[in-house]
Structure formats: C-alpha cells, structure tokens
file upload12.txt (compact mmCIF, C-alpha atoms)
# COMPACT_ATOMS: atom_id res chain seq x y z
CA MET I 111 0.00 0.00 0.00
CA MET I 112 1.28 3.49 -0.90
CA ARG I 113 2.25 5.56 2.12
CA TYR I 114 2.52 9.34 2.28
CA LEU I 115 3.36 11.91 4.97
CA ASP I 116 0.32 13.91 6.01
CA PRO I 117 1.24 17.63 6.28
CA HIS I 118 -1.00 17.98 9.36
CA LEU I 119 1.04 15.29 11.12
CA LEU I 120 4.27 16.93 10.01
CA GLN I 121 3.07 20.30 11.32
CA ALA I 122 2.43 18.76 14.73
CA PHE I 123 5.85 17.09 14.67
CA VAL I 124 7.77 20.24 13.66
CA ALA I 125 5.92 22.48 16.14
CA THR I 126 6.52 20.03 18.99
CA ALA I 127 10.21 19.76 18.14
CA ASP I 128 10.65 23.54 17.81
CA ILE I 129 8.80 24.47 20.99
CA GLY I 130 9.80 21.45 23.06
CA THR I 131 6.42 20.61 24.54
CA VAL I 132 3.13 19.23 23.27
CA VAL I 133 1.29 21.91 25.25
CA GLY I 134 3.22 24.69 23.52
CA ALA I 135 2.81 23.09 20.10
CA ALA I 136 -0.95 22.76 20.65
CA ALA I 137 -1.24 26.46 21.54
CA HIS I 138 0.85 27.45 18.52
CA LEU I 139 -1.23 25.33 16.12
CA ASN I 140 -4.56 26.20 17.72
CA ARG I 141 -5.20 22.53 18.38
CA THR I 142 -5.91 20.63 21.57
CA GLN I 143 -3.11 18.93 23.46
CA ALA I 144 -4.79 15.58 22.93
CA ALA I 145 -5.00 16.17 19.18
CA VAL I 146 -1.29 16.99 18.89
CA SER I 147 -0.31 13.98 21.02
CA MET I 148 -2.44 11.72 18.84
CA GLN I 149 -0.92 13.17 15.65
CA ILE I 150 2.61 12.56 16.95
CA ARG I 151 1.74 8.94 17.82
CA LYS I 152 0.08 8.47 14.44
CA LEU I 153 3.15 9.81 12.64
CA GLU I 154 5.42 7.52 14.67
CA ASP I 155 3.21 4.55 13.78
CA HIS I 156 3.23 5.62 10.15
CA VAL I 157 7.04 5.87 9.84
CA GLY I 158 7.60 2.88 12.12
CA THR I 159 9.96 4.51 14.60
CA MET I 160 10.02 6.68 17.72
CA LEU I 161 10.53 10.36 16.94
CA PHE I 162 10.80 11.64 20.52
CA GLU I 163 12.29 10.34 23.72
CA ARG I 164 9.98 11.17 26.61
CA GLY I 165 11.69 11.90 29.92
CA PRO I 166 11.36 13.97 33.10
CA ARG I 167 12.91 16.99 31.36
CA GLY I 168 10.48 16.92 28.48
CA LEU I 169 10.73 15.74 24.87
CA LYS I 170 13.97 15.16 23.02
CA MET I 171 14.17 14.13 19.36
CA THR I 172 15.64 10.75 18.56
CA SER I 173 18.20 10.29 15.78
CA ASN I 174 15.37 9.22 13.46
CA GLY I 175 13.43 12.31 14.52
CA HIS I 176 16.34 14.52 13.49
CA MET I 177 16.52 12.73 10.15
CA LEU I 178 12.81 13.23 9.52
CA MET I 179 12.96 16.89 10.55
CA SER I 180 14.88 18.08 7.49
CA TYR I 181 12.43 16.30 5.16
CA ALA I 182 9.43 17.57 7.14
CA ARG I 183 10.53 21.20 6.87
CA GLU I 184 11.15 20.81 3.14
CA ILE I 185 7.78 19.17 2.53
CA LEU I 186 5.94 21.89 4.45
CA SER I 187 7.91 24.62 2.72
CA LEU I 188 7.10 23.19 -0.73
CA ASN I 189 3.45 22.92 0.28
CA ASP I 190 3.39 26.58 1.36
CA THR I 191 5.10 27.66 -1.84
CA PHE I 192 2.59 25.83 -4.04
CA ILE I 193 -0.41 27.15 -2.14
CA ALA I 194 0.93 30.70 -2.33
CA HIS I 195 1.47 30.49 -6.08
CA LEU I 196 -1.91 28.86 -6.58
CA GLY I 197 -3.64 31.63 -4.65
CA GLY I 198 -1.70 34.53 -6.09
CA ASN I 199 0.12 35.04 -2.76
CA GLN I 200 -3.17 35.90 -1.10
CA GLU I 201 -3.58 32.69 0.89
CA LYS I 202 -3.46 33.03 4.64
CA GLY I 203 -0.09 32.49 6.23
CA ARG I 204 1.62 33.33 9.49
CA LEU I 205 4.75 35.29 10.39
CA ARG I 206 6.27 34.66 13.80
CA LEU I 207 8.25 37.84 14.42
CA GLY I 208 10.35 38.39 17.52
CA VAL I 209 11.23 41.99 18.34
CA VAL I 210 13.08 43.73 21.12
CA GLU I 211 10.77 46.10 23.00
CA ASP I 212 12.62 49.32 22.16
CA PHE I 213 12.33 48.64 18.43
CA VAL I 214 8.59 48.07 18.75
CA ALA I 215 8.26 51.53 20.26
CA THR I 216 10.23 53.23 17.48
CA ARG I 217 10.65 51.72 14.02
CA LEU I 218 8.35 48.71 13.85
CA ILE I 219 5.07 50.54 13.21
CA ALA I 220 6.11 51.87 9.80
CA ILE I 221 7.49 48.49 8.73
CA LEU I 222 4.38 46.59 9.83
CA SER I 223 2.10 49.09 8.12
CA GLN I 224 3.81 48.46 4.79
CA TYR I 225 3.87 44.70 5.39
CA ARG I 226 0.15 44.62 6.13
CA ALA I 227 -0.64 46.73 3.05
CA GLU I 228 1.28 44.32 0.80
CA ASN I 229 0.25 41.09 2.59
CA PRO I 230 -3.26 41.63 3.95
CA ALA I 231 -4.05 37.94 4.47
CA ILE I 232 -0.97 37.05 6.53
CA GLN I 233 -1.35 36.70 10.28
CA ILE I 234 1.46 38.38 12.22
CA ASP I 235 2.45 37.08 15.65
CA ILE I 236 4.60 39.72 17.37
CA ILE I 237 6.65 38.28 20.23
CA VAL I 238 8.24 40.99 22.37
CA GLN I 239 11.05 39.74 24.61
CA PRO I 240 14.47 40.92 25.87
CA ASN I 241 17.44 40.49 23.54
CA ALA I 242 18.77 37.32 25.17
CA ARG I 243 15.39 35.59 25.18
CA LEU I 244 14.78 36.46 21.51
CA ALA I 245 18.16 35.00 20.55
CA ALA I 246 17.35 31.77 22.41
CA MET I 247 13.92 31.49 20.80
CA PHE I 248 15.42 32.08 17.35
CA ASP I 249 18.08 29.41 17.91
CA SER I 250 15.27 27.02 18.93
CA LYS I 251 13.40 27.70 15.65
CA MET I 252 10.46 29.26 17.49
CA LEU I 253 10.62 32.43 15.37
CA ASP I 254 10.62 32.99 11.61
CA ALA I 255 12.43 36.32 11.92
CA VAL I 256 13.86 38.32 14.77
CA ILE I 257 14.99 41.90 15.34
CA CYS I 258 17.39 42.19 18.27
CA ASP I 259 20.94 43.15 19.25
CA VAL I 260 23.46 41.68 16.82
CA SER I 261 25.65 40.28 19.59
CA GLY I 262 23.13 37.61 20.56
CA ILE I 263 22.92 35.68 17.27
CA HIS I 264 25.98 34.17 15.65
CA ARG I 265 25.22 34.75 12.01
CA LYS I 266 25.34 37.68 9.63
CA PRO I 267 22.26 39.94 9.92
CA LEU I 268 20.18 40.62 6.82
CA GLY I 269 19.86 44.28 7.78
CA VAL I 270 21.10 46.50 10.59
CA TRP I 271 20.05 49.63 12.42
CA SER I 272 22.75 51.68 14.13
CA GLU I 273 21.11 53.26 17.17
CA ARG I 274 22.09 55.49 20.07
CA LEU I 275 20.89 55.32 23.65
CA TYR I 276 20.69 58.80 25.14
CA TRP I 277 20.78 59.52 28.85
CA ALA I 278 17.27 60.53 29.91
CA VAL I 279 16.05 62.06 33.19
CA ARG I 280 12.87 63.65 34.43
CA ASP I 281 12.50 67.33 33.47
CA ASP I 282 12.99 68.53 37.02
CA PHE I 283 15.87 66.16 37.79
CA THR I 284 18.86 68.01 39.28
CA ILE I 285 22.36 66.78 38.55
CA HIS I 286 24.79 67.22 41.45
CA TYR I 287 28.30 67.11 40.09
CA ASP I 288 29.79 66.51 43.54
CA ARG I 289 27.80 63.27 43.94
CA PRO I 290 27.64 60.01 42.01
CA LEU I 291 25.15 60.15 39.16
CA PRO I 292 22.20 57.82 39.95
CA ILE I 293 21.70 55.39 37.07
CA VAL I 294 18.74 53.25 36.04
CA MET I 295 20.47 50.32 34.39
CA PHE I 296 19.56 47.31 32.24
CA ASP I 297 19.64 43.97 34.03
CA ASP I 298 22.57 41.56 33.73
CA ALA I 299 21.02 39.59 30.85
CA CYS I 300 20.87 42.62 28.53
CA PRO I 301 23.84 43.05 26.15
CA TRP I 302 23.36 46.84 26.29
CA ARG I 303 24.35 46.95 29.96
CA ALA I 304 28.06 46.43 29.24
CA ALA I 305 27.99 49.07 26.50
CA ALA I 306 26.32 51.58 28.84
CA ILE I 307 28.82 50.92 31.63
CA ALA I 308 31.72 51.27 29.18
CA THR I 309 30.35 54.64 28.05
CA LEU I 310 30.16 55.84 31.65
CA ALA I 311 33.72 54.66 32.27
CA ARG I 312 35.08 56.49 29.21
CA ALA I 313 33.38 59.68 30.33
CA GLY I 314 35.01 59.49 33.73
CA VAL I 315 31.65 59.96 35.43
CA ASP I 316 31.21 58.97 39.07
CA TRP I 317 27.99 56.93 39.11
CA ARG I 318 26.00 54.33 40.98
CA ILE I 319 23.14 52.03 40.01
CA VAL I 320 19.98 52.89 41.93
CA SER I 321 17.57 50.71 39.96
CA GLU I 322 17.74 47.79 37.52
CA ALA I 323 15.00 47.51 34.89
CA SER I 324 14.32 44.49 32.67
CA THR I 325 11.80 46.16 30.34
CA LEU I 326 11.33 49.48 28.57
CA LEU I 327 8.16 50.05 30.60
CA ALA I 328 10.08 49.59 33.85
CA THR I 329 12.86 51.90 32.66
CA SER I 330 10.35 54.59 31.69
CA ALA I 331 8.62 54.31 35.07
CA ALA I 332 11.92 54.67 36.94
CA VAL I 333 12.93 57.73 34.92
CA ARG I 334 9.51 59.36 35.23
CA ALA I 335 9.67 58.77 38.99
CA GLY I 336 12.93 60.72 39.10
CA LEU I 337 15.10 57.84 40.29
CA GLY I 338 17.97 58.68 37.98
CA ALA I 339 19.32 58.73 34.44
CA ALA I 340 18.67 55.85 32.04
CA PRO I 341 20.04 55.06 28.56
CA MET I 342 17.05 55.19 26.21
CA MET I 343 16.62 54.87 22.45
CA ASN I 344 15.47 57.63 20.15
CA GLY I 345 11.70 57.86 20.39
CA THR I 346 11.30 56.03 23.72
CA VAL I 347 12.05 58.95 26.06
CA PRO I 348 8.77 59.45 27.98
CA ARG I 349 6.82 62.67 28.28
CA GLY I 350 8.00 64.95 31.06
CA CYS I 351 11.59 63.80 30.58
CA ARG I 352 14.64 65.23 28.83
CA ILE I 353 18.02 64.25 27.47
CA ILE I 354 20.82 65.43 29.73
CA GLN I 355 23.74 67.27 28.16
CA PRO I 356 27.24 65.73 28.38
CA ILE I 357 28.52 65.80 31.96
CA PRO I 358 30.96 66.76 33.17
CA ASP I 359 32.77 66.78 29.86
CA SER I 360 31.56 64.06 27.53
CA LEU I 361 28.84 61.61 28.57
CA CYS I 362 28.27 60.28 25.07
CA PRO I 363 25.31 58.27 23.83
CA VAL I 364 25.63 54.50 23.98
CA GLU I 365 26.20 53.02 20.53
CA ILE I 366 24.28 49.82 19.79
CA THR I 367 23.48 47.81 16.66
CA ILE I 368 20.19 46.02 16.08
CA GLY I 369 19.93 43.42 13.33
CA LEU I 370 17.30 41.53 11.37
CA PHE I 371 17.80 37.77 11.30
CA ALA I 372 15.86 34.98 9.59
CA ASN I 373 16.18 31.23 9.23
CA ALA I 374 18.41 29.78 6.53
CA HIS I 375 15.34 28.78 4.52
CA PRO I 376 12.81 31.50 5.36
CA THR I 377 9.11 31.03 4.78
CA LEU I 378 7.32 33.08 2.14
CA GLU I 379 5.90 35.26 4.90
CA ALA I 380 9.37 35.90 6.32
CA ARG I 381 10.81 36.61 2.86
CA ALA I 382 8.17 39.28 2.28
CA PHE I 383 9.12 40.92 5.59
CA ILE I 384 12.84 40.76 4.76
CA ASP I 385 12.23 42.40 1.39
CA ILE I 386 10.42 45.32 2.99
CA VAL I 387 13.18 45.92 5.53
CA THR I 388 16.11 45.56 3.13
CA SER I 389 14.69 47.38 0.11
CA GLY I 390 12.29 49.91 1.63
CA SER I 391 12.75 53.44 2.89
CA GLU I 392 13.74 52.44 6.42
CA PRO I 393 17.52 52.11 5.80
CA ARG I 394 17.60 55.61 4.28
CA ALA I 395 15.90 56.98 7.37
CA ILE I 396 18.58 55.35 9.48
CA MET I 397 21.37 56.89 7.44
CA ASP I 398 19.72 60.32 7.73
CA LEU I 399 19.66 60.02 11.51
CA ARG I 400 23.28 58.90 11.70
CA ALA I 401 24.35 61.85 9.58
CA MET I 402 22.92 64.31 12.12
CA SER I 403 25.16 65.81 14.75
CA ASP I 404 24.63 64.94 18.40
CA ASP I 405 23.21 68.42 19.07
CA GLU I 406 20.74 68.10 16.19
CA THR I 407 19.64 64.65 17.31
CA ALA I 408 19.23 65.78 20.92
CA GLY I 409 17.20 68.74 19.70
CA LEU I 410 14.96 66.41 17.74
CA LEU I 411 14.40 64.26 20.83
CA LEU I 412 13.70 67.25 23.08
CA GLY I 413 11.39 68.89 20.55
call {"tool": "encode", "arguments": {"input": "upload12.txt", "output": "structure tokens"}}
result
Amino acid sequence: MMRYLDPHLLQAFVATADIGTVVGAAAHLNRTQAAVSMQIRKLEDHVGTMLFERGPRGLKMTSNGHMLMSYAREILSLNDTFIAHLGGNQEKGRLRLGVVEDFVATRLIAILSQYRAENPAIQIDIIVQPNARLAAMFDSKMLDAVICDVSGIHRKPLGVWSERLYWAVRDDFTIHYDRPLPIVMFDDACPWRAAAIATLARAGVDWRIVSEASTLLATSAAVRAGLGAAPMMNGTVPRGCRIIQPIPDSLCPVEITIGLFANAHPTLEARAFIDIVTSGSEPRAIMDLRAMSDDETAGLLLG
C-alpha cells in the first residue's frame, strides 16, 4: 500500500520539536493537546519509529526524529510555496516575528504598516522579549524572523540599524556634580548593559546604580519617577523627561546595533518581511539620523 506523509502530522511534529512541549505546540497550532499527542503517535506509527524520547525533562528528538525533521521542513515549505502560487500570494499564512521592545516603540510601526498593506491575508504574531530571550527562541526555531541586538545571534544579519541610547532624566531632575550620578540600568542579561557601563567609564563619570529595569516600561517608570538617568533609544524617552547634556565633559550616547535575522530557509511570509526591511525606505531613514550631529539629534528628541 502506498504511504505518504500527512502535512498535518508533520506540522504537529515540527511544532513540537521547535517548541519542546506538546502543550506549547498545541497552543501554537490552535489545536488541543490531545490532538497533537495523537498526531505525533500516528506519525510515529506511520514511519515505524520513535521520533521523541519522553523523559522527566520533556521531549527530546531521537536520531530518526532529526533525520525526519529536514524532510518535514522541506515538505511543508514546498506545500506553502505551491499554495501561495496557486492563490496569487493571497492565501493566509503566518509570520512569527520576535522583536526587542525598544524597536517596537520606534521603528516597527512603519514596517508593519507596509507589510500589512502588501500582505493583507498574513497573520502576524509579534513576540516581544528581551534580547537574550529572543536569541534563544530564534536558535530554537520558534521564530521565523527576529529583530534584536546583533551580539546575541551568531550569524550575519540581513539588515542593521545603528542606534544610540541617550541619557534621559525627568524634566525637574537636578544633577549634582559633587555626587555620584544615579543610574537606572539594564539587568545583567541585557547586552546593552556592558555598553552603557563602558560609556560611563570612558566619560570618567562617578555613578552608581539605583535601579535595575528588565523592560522598557520599567525603565520609563523609573525615569519618570525621578530615580535617575537611564540610557534610552530615540523615540522612547517618555513625556516629562529630557536628554541630559554631556557631563561633566563628555557623557556620550551608547552606541548599539540592532539586526534583522531569519532562518536559513525563510518562509514566504518571512521573505516578504525581509524584502520590505532591506529594500524599503527604512535604511535611508537610518542613514539620515546617523548623519545628524549629536546636538541636532538631541534637539529632535527634546522637541
């Protein structure tokens, strides 16, 4: 009897392998946990071998599971490609996009607006996490594309944004030059923390950490409360706050680089997103900002 690999079974297999749990795969596929478990068992019966080892630490693919994975991804990719061509690229699809919070608050809106206009039928899942978590999720194949700090992912980015983090304080914050500057700092897991500390060291500023914040919302709250100065990206400085001028001589902005990354064989949905980022107007806007002097940029932020 002729045997074939059912794409629905392969979807359950790939999602379970990528996410690591049947519960997570079920949520991702909008199926019940029982349905995904049954589909995995059915696929194992169909191919005649165990695909996962089940232990106290969760699921782990067997050697045969790893062998099937490459074929499964290719089969699903070919299926998506055919359906897209058949439907004139208007069939529903899904983009799993991971983005660092600061980018969501600045550049993402314009990119998503263009993406939605060109791909109205595609569902977009936006996963906002810290840089380190996004890198881990991308390495685990849980995301189709990710925008995060370039230091976290060991491959060449498809596009980059050179950004500056300016030192923001509440409008009525008073700087006492005879005391350590109170700093609201990123937590230890953030790659921007080391860059911010290095900037402070080069400036010769006496400083102390008064608060650690793991999210942009927490950073904004700390600055608005007047706790201290925090490094913040263009466009994220909250109302009622200002950029402090270099103290005492040269407290420069923190230079960071954010990159766009995608899987080696991106889905059609991810390719469309990549095309918008790499060929649209966004890179020119970045170059315009970088060409501005520090005084001009600070004026733009304060205005």
call {"tool": "residues_around", "arguments": {"input": "upload12.txt", "residues": "range 242-255 of chain I", "least_positions_apart": "3", "cutoff": "10 Å", "atoms": "all atoms listed in the file", "output": "PyMOL selection string"}}
result
chain I and resi 124-125+127-130+138+204-210+235-239+258-264+299-301+370-377+379-381+383-384
call {"tool": "closest_residue", "arguments": {"input": "upload12.txt", "among": "I:Ala227, I:Ala323, I:Gly175, I:Gly369", "to": "Val256 in chain I", "atoms": "only C-alpha atoms"}}
result
I:Gly369
call {"tool": "atom_distance", "arguments": {"input": "upload12.txt", "atom1": "CA of Val333 in chain I", "atom2": "CA of Asp298 in chain I"}}
result
18.9 Å
call {"tool": "closest_residue", "arguments": {"input": "upload12.txt", "among": "I:Gly165, I:Gly314, I:Pro341, I:Pro267", "to": "Thr367 in chain I", "atoms": "only C-alpha atoms"}}
result
I:Pro267
call {"tool": "atom_distance", "arguments": {"input": "upload12.txt", "atom1": "CA of Arg151 in chain I", "atom2": "CA of Ala136 in chain I"}}
result
14.4 Å
call {"tool": "atom_distance", "arguments": {"input": "upload12.txt", "atom1": "CA of Ile293 in chain I", "atom2": "CA of Phe213 in chain I"}}
result
21.9 Å
call {"tool": "closest_residue", "arguments": {"input": "upload12.txt", "among": "I:Ala144, I:Ile368, I:Met171, I:Ala331", "to": "Glu273 in chain I", "atoms": "all atoms listed in the file"}}
result
I:Ile368
